[in-house]
Amino acid sequence: MKSYIFFVILPFLLTGCFGTPKVTETPIKTLITENKPQNSNIFFKSQQWWLSTNNQQLISLIDEVLKTNSEIKIAKLNIEKAMYTLNSTKNSNLSSIDLGGSWNRNHVLTSHVKTDLPIKDIKNSDTIDMGSLAIQGQYIFDIWGKFDALQNQAQYSKLATELQSEWSTLTLSTTVANLYGKYILLTKEENILNEKLNIAKEVLNYQNILYKTGLGNKENILTTDNNVNSLNQKIAEITTQKITLKNSFYSLVGNVKSKNIDEILSNIDYNTPEFDYFLNIPQYIDSDIVVNRPDVKYYLALINSQKENLKSLKADFYPRFSITGKYEYQNLNIQDLLKAHSTLWEFGPSLYLPLFNRNTLTQNYNIAGVNLNIFIENYNNNLIKAYQDINNNLNALKTSKTNNELEEKNYNNVKSTYNDNNTLYQIGSISKLELLNQKNNLLDTKLSYIENNFTLYTNQINLIGSLGGYYKNEVK
C-alpha cells in the first residue's frame, strides 16, 4: 500500500520540479565610453554636493529646504516602511505561535447516544457542549529558497527606496541652487536697471533744457520719456519675479512664510554675491559615473528585486515540506476543559503539492517575468538618457564658458572705452550727455555679461544634477 502511494505522488513531484515556465530575459545594456587617462584622478561626491561650493548662503538655503520639505519627509517614511517590510520577511517560514479556543453547543434532535464518558446523561438531554483550547505552530523547510528570495527582494526594494530618496534630494538641491542663482540675477538686473533709470532721468532733464534753449526737439524728449517708462516697467516686473521666487522657496519648505528664507534673501538684496563657479569642467565623463547615478541604480535595484521575486514564485511549483506542532485541551464538559484527561498533542511532518492551482501559479510567474523585462527596458532607456543628458549638459557648460569669456572681453573693451570718454569729458572734449550715453551703453554690456554669467552658473548646476553629484577630474 505504501509503495502504491509513493508511485501515485511521484509523477506530481516530477511535474512540479520540471514543469516550471521559462522567462526570456531582456539583455541589460552596458556603456562603453572613452577610457580615462592613466594620469587622472577622479573625485566624485554624490551626497551633499553643495558643501563643495563653500557658499554659506546656498548651503543654508538647501539645508532649510531639505529639513522641512514634504517630499523628503515622504521619502523618509517610505524608507521606514521598507525597513518594516524587510524585517517582516525574516524567519517568515516560521509561523507565529497561535493560541486559539472555541466553544460550541450542539442541539441533538433524534439521536440516541450511549457513552461511558463522565458527562451528563446525553440520552436524556438535547444539547452537547464542546470546548477546546489549543496552541500551535509550523515550520516550513526552505528547500527551494523561497523565503531567502523574499528577504532578498525586500532588501533590494529597500535599496530602491533609498536611491529614490537620494534622487529626490539631488533634484531638490539643484532646484534650490537654480532659484538662488535666479534671485542673484534678478537683483543684479534690478541694480543695473535702476542705474539706467537714473541716467534716463538725467538725459530727460538735459533734453528739456536743450528744447527750452532751442537746441533740442520734442521728439528726443518723448523718446527719452518712453525710455524712462520702459525702465520703470522692467523694474516692476523684476520686483514681481522676486516675489514669485520667494514664494517658490516658501513652497519648497512647505509653508507660506519662512523667517530663515527671508533673512537669506534679504542679505542677497543688500550685499549681492557673485555667481559661484566651483565645478571644474571635465573633458570627459567616465561610464562609472553614469551607471552610479541614483536614478539608474534605482532601476537596477528594481531589476534585482524582481529577479528575487521570480525565484520565490518559482519555488511555489515545488512541493512544500513542513513540521506542525499542536498542544490542545478538548472536552465535552467546559468545567473540566483544563484537566489532564482532556489533553491532546500533535507533532508531525506535512507535505503540500501544487496540483490544481498550477495555472494560477504559471500566470503569476509569467506576469512577474513581463514585469522584469519592463524594469530592464526602463533601466536601458534611462541609462541611455542619463548618458545623453550628461553629455548634453557637459557640452552646454563648455559652450557657455567659452561664450562667457568672449562676453567678458566685450565688457572690458566697452569699459575701457567708457574710461577714455570719461577722461575726454574731464578735459571738456565731450559733453555730459555724450558721457551719459556711453555709460548707458556700458551698463547694457554689463547686463549682457551678467546674463552670460548666470547661464554659465545654471549650466554648472544642470551638469551636477545630471551627474548625480559634484564631479572633479584632476590631472596628476
# chains A, B, ... in the order shown; residues from 1 in each chain; ligands from 1
call {"tool": "residues_around", "arguments": {"residues": "Thr458 of chain A", "least_positions_apart": "4", "cutoff": "7 Å", "atoms": "only C-alpha atoms", "output": "VMD selection string"}}
result
chain A and resid 178 454 462
call {"tool": "write_last_selection", "arguments": {"atoms": "all heavy atoms", "output": "PDB file, in the first residue's frame"}}
result
ATOM      1  N   ASN A 178      19.372  76.582  -8.449  1.00  0.00           N
ATOM      2  CA  ASN A 178      18.958  77.376  -9.620  1.00  0.00           C
ATOM      3  C   ASN A 178      18.108  78.573  -9.214  1.00  0.00           C
ATOM      4  O   ASN A 178      18.251  79.669  -9.780  1.00  0.00           O
ATOM      5  CB  ASN A 178      18.193  76.494 -10.602  1.00  0.00           C
ATOM      6  CG  ASN A 178      19.105  75.690 -11.511  1.00  0.00           C
ATOM      7  OD1 ASN A 178      20.144  76.176 -11.942  1.00  0.00           O
ATOM      8  ND2 ASN A 178      18.740  74.455 -11.800  1.00  0.00           N
ATOM      9  N   PHE A 454      25.122  84.096 -15.496  1.00  0.00           N
ATOM     10  CA  PHE A 454      24.027  83.268 -14.975  1.00  0.00           C
ATOM     11  C   PHE A 454      23.865  81.988 -15.793  1.00  0.00           C
ATOM     12  O   PHE A 454      23.634  80.907 -15.238  1.00  0.00           O
ATOM     13  CB  PHE A 454      22.730  84.075 -14.984  1.00  0.00           C
ATOM     14  CG  PHE A 454      21.520  83.276 -14.606  1.00  0.00           C
ATOM     15  CD1 PHE A 454      21.353  82.800 -13.317  1.00  0.00           C
ATOM     16  CD2 PHE A 454      20.535  82.987 -15.556  1.00  0.00           C
ATOM     17  CE1 PHE A 454      20.235  82.055 -12.971  1.00  0.00           C
ATOM     18  CE2 PHE A 454      19.416  82.245 -15.212  1.00  0.00           C
ATOM     19  CZ  PHE A 454      19.263  81.780 -13.921  1.00  0.00           C
ATOM     20  N   ASN A 462      23.134  72.326 -13.709  1.00  0.00           N
ATOM     21  CA  ASN A 462      22.480  71.289 -14.510  1.00  0.00           C
ATOM     22  C   ASN A 462      23.390  70.079 -14.706  1.00  0.00           C
ATOM     23  O   ASN A 462      22.917  68.930 -14.698  1.00  0.00           O
ATOM     24  CB  ASN A 462      22.066  71.855 -15.868  1.00  0.00           C
ATOM     25  CG  ASN A 462      20.944  72.866 -15.756  1.00  0.00           C
ATOM     26  OD1 ASN A 462      20.225  72.890 -14.767  1.00  0.00           O
ATOM     27  ND2 ASN A 462      20.801  73.723 -16.753  1.00  0.00           N
TER      28      ASN A 462
END
call {"tool": "residues_around", "arguments": {"residues": "segment 380-384 of chain A", "least_positions_apart": "5", "cutoff": "8 Å", "atoms": "only C-alpha atoms", "output": "list in words"}}
result
Ile28, Lys29, Val290, Val291, Asp295 and Val296 of chain A
call {"tool": "atom_distance", "arguments": {"atom1": "atom CA of Glu237 of chain A", "atom2": "atom CA of Tyr418 of chain A"}}
result
29.0 Å
call {"tool": "closest_residue", "arguments": {"among": "A:Gln57, A:Ala396, A:Glu64, A:Glu202", "to": "Lys432 of chain A", "atoms": "only C-alpha atoms"}}
result
A:Glu202
call {"tool": "select_by_dssp", "arguments": {"residues": "segment 285-452 of chain A", "states": "strand (DSSP E or B)", "output": "JSON, numbers by chain"}}
result
{"A": [320, 321, 322, 323, 324, 325, 326, 327, 328, 329, 330, 331, 343, 344, 345, 346, 347, 348, 349, 350, 351, 352]}
call {"tool": "residues_around", "arguments": {"residues": "Tyr183 of chain A", "least_positions_apart": "4", "cutoff": "12 Å", "atoms": "only C-alpha atoms", "output": "JSON, numbers by chain"}}
result
{"A": [58, 176, 177, 178, 179, 187, 188, 189, 190, 238, 239, 240, 241, 242, 243, 244, 245, 246, 247, 248, 249, 264, 265, 266, 267, 268, 269, 272, 273, 274, 275, 454]}
call {"tool": "write_last_selection", "arguments": {"atoms": "C-alpha atoms", "output": "tab-separated table (two decimals), in the first residue's frame"}}
result
chain	number	residue	atom	x	y	z
A	58	LEU	CA	23.40	78.43	-0.71
A	176	VAL	CA	17.18	75.43	-4.85
A	177	ALA	CA	20.58	76.21	-6.38
A	178	ASN	CA	18.96	77.38	-9.62
A	179	LEU	CA	16.41	79.50	-7.75
A	187	THR	CA	18.90	91.52	-8.00
A	188	LYS	CA	21.82	92.41	-10.27
A	189	GLU	CA	19.47	93.27	-13.12
A	190	GLU	CA	17.42	95.42	-10.77
A	238	ILE	CA	11.65	92.19	-11.66
A	239	THR	CA	10.06	93.02	-8.30
A	240	THR	CA	7.16	90.70	-9.18
A	241	GLN	CA	9.55	87.94	-10.26
A	242	LYS	CA	11.48	88.21	-6.99
A	243	ILE	CA	8.26	87.86	-5.02
A	244	THR	CA	7.38	84.79	-7.10
A	245	LEU	CA	10.81	83.32	-6.42
A	246	LYS	CA	10.40	83.96	-2.71
A	247	ASN	CA	7.05	82.16	-2.80
A	248	SER	CA	8.75	79.25	-4.58
A	249	PHE	CA	11.19	78.97	-1.67
A	264	ILE	CA	18.95	84.89	3.43
A	265	LEU	CA	17.22	86.64	0.52
A	266	SER	CA	17.44	90.00	2.29
A	267	ASN	CA	21.20	89.52	2.60
A	268	ILE	CA	21.34	88.94	-1.16
A	269	ASP	CA	19.42	92.19	-1.72
A	272	THR	CA	24.60	90.78	-3.76
A	273	PRO	CA	27.18	87.99	-4.20
A	274	GLU	CA	28.83	86.97	-7.43
A	275	PHE	CA	27.91	83.72	-9.15
A	454	PHE	CA	24.03	83.27	-14.97
call {"tool": "residues_around", "arguments": {"residues": "Asn403 of chain A", "least_positions_apart": "5", "cutoff": "12 Å", "atoms": "only C-alpha atoms", "output": "ChimeraX atom specification"}}
result
/A:396-398,408-410,448-456
call {"tool": "closest_residue", "arguments": {"among": "A:Asn271, A:Ser251, A:Ser322, A:Asn226", "to": "Ile143 of chain A", "atoms": "only C-alpha atoms"}}
result
A:Ser322
call {"tool": "closest_residue", "arguments": {"among": "A:Gln56, A:Gln48, A:Thr360, A:Gln153", "to": "Thr85 of chain A", "atoms": "only C-alpha atoms"}}
result
A:Gln153
call {"tool": "select_by_dssp", "arguments": {"residues": "segment 143-363 of chain A", "states": "alpha helix (DSSP H)", "output": "JSON, numbers by chain"}}
result
{"A": [146, 147, 148, 149, 150, 151, 152, 153, 154, 155, 156, 157, 158, 159, 160, 161, 162, 163, 164, 165, 166, 167, 168, 169, 170, 171, 172, 173, 174, 175, 176, 177, 178, 179, 180, 181, 182, 183, 184, 185, 186, 187, 188, 189, 190, 191, 192, 193, 194, 195, 196, 197, 198, 199, 200, 201, 202, 203, 204, 205, 206, 207, 208, 209, 210, 211, 212, 218, 219, 220, 221, 222, 223, 224, 225, 226, 227, 228, 229, 230, 231, 232, 233, 234, 235, 236, 237, 238, 239, 240, 241, 242, 243, 244, 245, 246, 247, 248, 249, 250, 251, 252, 253, 259, 260, 261, 262, 263, 264, 265, 266, 267, 268, 269, 270, 287, 288, 289, 290, 291, 294, 295, 296, 297, 298, 299, 300, 301, 302, 303, 304, 305, 306, 307, 308, 309, 310, 311, 312, 313, 314, 315, 358, 359, 360, 361, 362, 363]}
